[in-house]
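Remarks on the structure that follows.
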Amino acid sequence: MAGTILLSFLLFLCSVSSDAGEEAESSRDSTDAGLLSLIMNMSAGDARLWAKPIEHINLDRILELKQTGLITFHEADWYSVIDDE
Amino acid sequence: MMSNSVQCVLCPHLCTLAPGERGRCGVRLNVDGELVSLVYGRPVAANIDPVEKKPLFHFMPGIDVFSIATAGCNLRCEFCQNWEISQAVPEDVTPYDMSPEAVIENALAYNCQAIAYTYTEPVVFFEYTRDCARLARAAGIKNILVTAGYINPGPLSELAEYMDAANVDLKSITDTYYRNICGGTLRPVLDTITSLKDSGVWVEVTNLIVPTLNDEPDEIDSLARWVLDNTGEDTPLHFSRFFPMYRLTDLPPTAIDTLQGARERAKDMGLHYVYVGNAVTSEGLITRCPECGEILIARQGYTIRENNILNGNCGNCSTPIAGVWDEMEE
């Protein structure tokens with residue numbers, strides 16, 4: 001719900017920005033592009049805003065723990081590699 | 001061009017992970033385009049419990065169960081009773097080093113007739129659960145899955161092949177509750193329950209009743225109705241008492257009247273076996289024959305005080321009683 005409201009607000013900002021009339025074209029384009037990018041990023045993650053976040057981890061620390069045996073790097077099943085093309 | 005990103009399809013979150021990112025479960029990490037489990041063979045809990053503690057009331061009553069869990073969970077329930085390990089990441093806890101072979105050896109050494117994958121969420125230690133279960137099956141040991149059921153159909157089917165019994169936590173019958181309180185969604189959980197049942201796994205369902213959040217009689221009745229309509233009158237339903245925990249320390253424990261009322265209405269609706277857990281009530285731990293009403297199993301806490309089931313039938317009127325009562329019956 002919060003994500004939807006924020007998204008709506010950003011879309012509103014975009015429309016206000018687009019209607020702003022005589023402001024410098026390059027500045028407006030830059031603002032629009034920034035907002036659009038933010039919206040695109042939000043939309044991509046929006047489906048799971050209510051869930052726990054995906055985390056980027058400190059790989060060095062994880063590798064240290066792997067060396068001590070406290071964690072494993074056991075090959076997981078049930079995943080696919082994403083082909084960008 | 002490959003970005004080395006991966007998508008985990010184990011659970012309905014379907015986490016897309018760039019290298020160095022781990023999923024919402026906290027235990028599955030993308031290392032240069034390969035997804036790895038950080039907790040395989042590293043349980044943080046290993047105990048011997050009575051099967052009644054799972055809770056399973058219709059599966060080999062009185063047996064000891066070797067019970068294991070690793071860190072991690074794909075949900076984030078605000079009432080979690082095991083949050084210290086379920087909401088922990090592997091680097092914050094100290095695990096045992098216990099290979100699947102060692103799990104089986106321990107179960108045999110302690111005369112446990114079953115192994116339970118429990119406490120946190122066995123879905124997130126999927127490979128460890130499956131490999132232990134495969135070895136256990138070969139060794140003649142039963143397998144028990146205690147789960148929130150937030151898993152995709154493919155992996156579930158792979159696990160179900162080795163499972164003998166499951167207790168699935170149905171936290172609510174509303175999707176809103178799942179999203180707001182648990183960080184998940186309802187539909188996959190319902191699908192898990194019916195799928196396990198269809199796979200021939202003995203299934204019992206638990207519902208934790210949390211004051212003000214899911215304790216409205218209409219909501220409880222809808223949940224019981226779903227269990228009845230989709231799994232049948234013989235599926236045991238356990239209403240469990242909430243105690244203030246984790247992020248819900250400002251709520252009171254569930255009122256006994258609420259639990260008793262839920263049980264009575266679910267029985268009136270047509271469910272044969274409805275229990276009350278985490279609370280002392282007069283009938284909440286008793287199994288009665290649905291035909292003659294005589295006491296079949298009386299429990300005190302997790303201890304069996306009386307068992308009048310003979311060869312899977314009521315000792316009084318010989319009505320067959322749903323469940324798995326001993327190895328000879330299978």
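We label chains A, B, ... in the order they appear in the structure tokens, count residues from 1 in each chain, and number ligands from 1 in the order shown.
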Could you pull the residues within 8 Å of stretch 54-62 of chain A, counting only C-alpha atoms, minus those fewer than 3 positions along the same chain, as an NGL selection string?
(:A and (65-66 or 71)) or (:B and (15 or 17 or 20-24 or 26 or 91))
Please provide as an MDAnalysis selection string all residues within 9 Å of B:Glu52, with the sequence filter that same-chain residues fewer than 6 positions apart are discarded (counting only C-alpha atoms).
chainID B and resid 58:59 61:63 301:304
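If only C-alpha atoms are the atoms counted, then among B:Gly149, B:Gly184, B:Pro122, B:Pro253 the closest residue to chain A is B:Gly184.
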Would you please work out which residue, of B:Tyr40, B:Tyr178, B:Trp226, B:Phe242, is nearest to chain A when using only C-alpha atoms?
B:Tyr40
Contact set, chain A to chain B: 6 Å, only C-alpha atoms, as a list of chain:residue names
A:Trp50, A:Ala51, A:Lys52, A:Pro53, A:Ile54, A:Glu55, A:His56, A:Ile57, A:Ile71, A:Thr72, A:Phe73, A:His74, A:Glu75, A:Ala76, A:Trp78, A:Tyr79, A:Ser80, A:Val81, A:Ile82, A:Asp83, A:Asp84, A:Glu85
Next, dump the selected residues to file, keeping only C-alpha atoms, as a PDB file, in the first residue's frame.
```
ATOM      1  CA  TRP A  50       5.890  -6.262   1.991  1.00  0.00           C
ATOM      2  CA  ALA A  51       8.483  -9.024   2.199  1.00  0.00           C
ATOM      3  CA  LYS A  52      11.943  -9.149   3.714  1.00  0.00           C
ATOM      4  CA  PRO A  53      14.466  -7.300   1.558  1.00  0.00           C
ATOM      5  CA  ILE A  54      17.056  -8.822  -0.707  1.00  0.00           C
ATOM      6  CA  GLU A  55      20.463  -8.006   0.760  1.00  0.00           C
ATOM      7  CA  HIS A  56      23.836  -7.362  -0.753  1.00  0.00           C
ATOM      8  CA  ILE A  57      26.321  -9.032   1.559  1.00  0.00           C
ATOM      9  CA  ILE A  71      28.880 -21.640   6.703  1.00  0.00           C
ATOM     10  CA  THR A  72      28.876 -23.678   3.507  1.00  0.00           C
ATOM     11  CA  PHE A  73      28.776 -22.970  -0.198  1.00  0.00           C
ATOM     12  CA  HIS A  74      26.668 -25.972  -1.090  1.00  0.00           C
ATOM     13  CA  GLU A  75      25.309 -25.829  -4.620  1.00  0.00           C
ATOM     14  CA  ALA A  76      21.620 -24.996  -4.482  1.00  0.00           C
ATOM     15  CA  TRP A  78      15.879 -24.683  -8.107  1.00  0.00           C
ATOM     16  CA  TYR A  79      17.351 -21.590  -9.654  1.00  0.00           C
ATOM     17  CA  SER A  80      18.122 -20.340 -13.133  1.00  0.00           C
ATOM     18  CA  VAL A  81      20.839 -18.084 -14.496  1.00  0.00           C
ATOM     19  CA  ILE A  82      19.411 -14.948 -16.068  1.00  0.00           C
ATOM     20  CA  ASP A  83      20.394 -14.294 -19.658  1.00  0.00           C
ATOM     21  CA  ASP A  84      20.275 -10.538 -20.204  1.00  0.00           C
ATOM     22  CA  GLU A  85      19.694 -10.991 -23.894  1.00  0.00           C
TER      23      GLU A  85
END
```
Using DSSP secondary structure from the backbone, list all helix (DSSP H, G or I) positions within stretch 113-206 of chain B, as number ranges by chain.
B: 126-138, 153-160, 175-182, 187-198
One decimal, in Å: what's the spacing between atom CA of B:Ile48 and atom CA of B:Val189?
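Pair atom CA of B:Ile48 / atom CA of B:Val189 returns 27.3 Å.
Across B:Met60, B:Leu259, B:Leu170, B:Cys292, the tightest approach to B:Cys314 is made by B:Cys292 when counting only C-alpha atoms.
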Neighbour list for B:Leu310 as a VMD selection string, cut-off 10 Å, only C-alpha atoms, skip fewer than 2 positions in-chain
chain B and resid 296 307 to 308 312 to 316 318 320 to 321 325
Write out as JSON, numbers by chain which residues come within 12 Å of B:Asn106 when counting only C-alpha atoms, dropping same-chain ones fewer than 3 positions away.
{"B": [46, 47, 48, 65, 66, 67, 68, 98, 99, 100, 101, 102, 103, 109, 110, 111, 112, 113, 114, 115, 132, 136, 141]}
Selection file, C-alpha atoms, as a tab-separated table (two decimals), in the first residue's frame:
```tsv
chain	number	residue	atom	x	y	z
B	46	ALA	CA	19.16	-30.31	17.07
B	47	ASN	CA	16.87	-31.77	19.73
B	48	ILE	CA	14.84	-34.82	20.59
B	65	VAL	CA	11.63	-37.27	16.89
B	66	PHE	CA	15.12	-36.03	16.06
B	67	SER	CA	14.42	-32.39	15.22
B	68	ILE	CA	16.71	-30.11	13.28
B	98	MET	CA	26.20	-32.24	10.97
B	99	SER	CA	26.14	-33.94	7.59
B	100	PRO	CA	22.99	-35.76	6.50
B	101	GLU	CA	24.75	-39.02	7.37
B	102	ALA	CA	25.42	-37.68	10.87
B	103	VAL	CA	21.76	-36.69	11.25
B	109	ALA	CA	21.63	-43.51	18.30
B	110	TYR	CA	18.83	-41.80	20.23
B	111	ASN	CA	16.18	-44.31	19.12
B	112	CYS	CA	14.20	-41.69	17.24
B	113	GLN	CA	11.70	-43.18	14.81
B	114	ALA	CA	11.40	-39.98	12.85
B	115	ILE	CA	13.32	-36.87	11.87
B	132	CYS	CA	18.55	-36.07	5.07
B	136	ALA	CA	16.29	-41.46	6.51
B	141	ILE	CA	13.21	-43.60	9.66
```
I'd like the contact shell of B:Thr194 - 10 Å cut-off, only C-alpha atoms, skipping same-chain residues fewer than 4 positions apart - returned as an MDAnalysis selection string.
chainID B and resid 189:190 198:199 203 227 230:231
Just give me the gap between atom CA of B:Met163 and atom CA of B:Arg299 in Å, one decimal is fine.
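Value for the atom CA of B:Met163-atom CA of B:Arg299 distance: 25.2 Å.
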Option closest in space to B:Ile173, from B:Glu219, B:Ala279, B:Lys142, B:Trp202 [counting only C-alpha atoms]
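The closest residue to B:Ile173 is B:Glu219.
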Could you check how far atom CA of A:Arg48 sits from atom CA of B:Thr212, in Å to one decimal?
24.9 Å
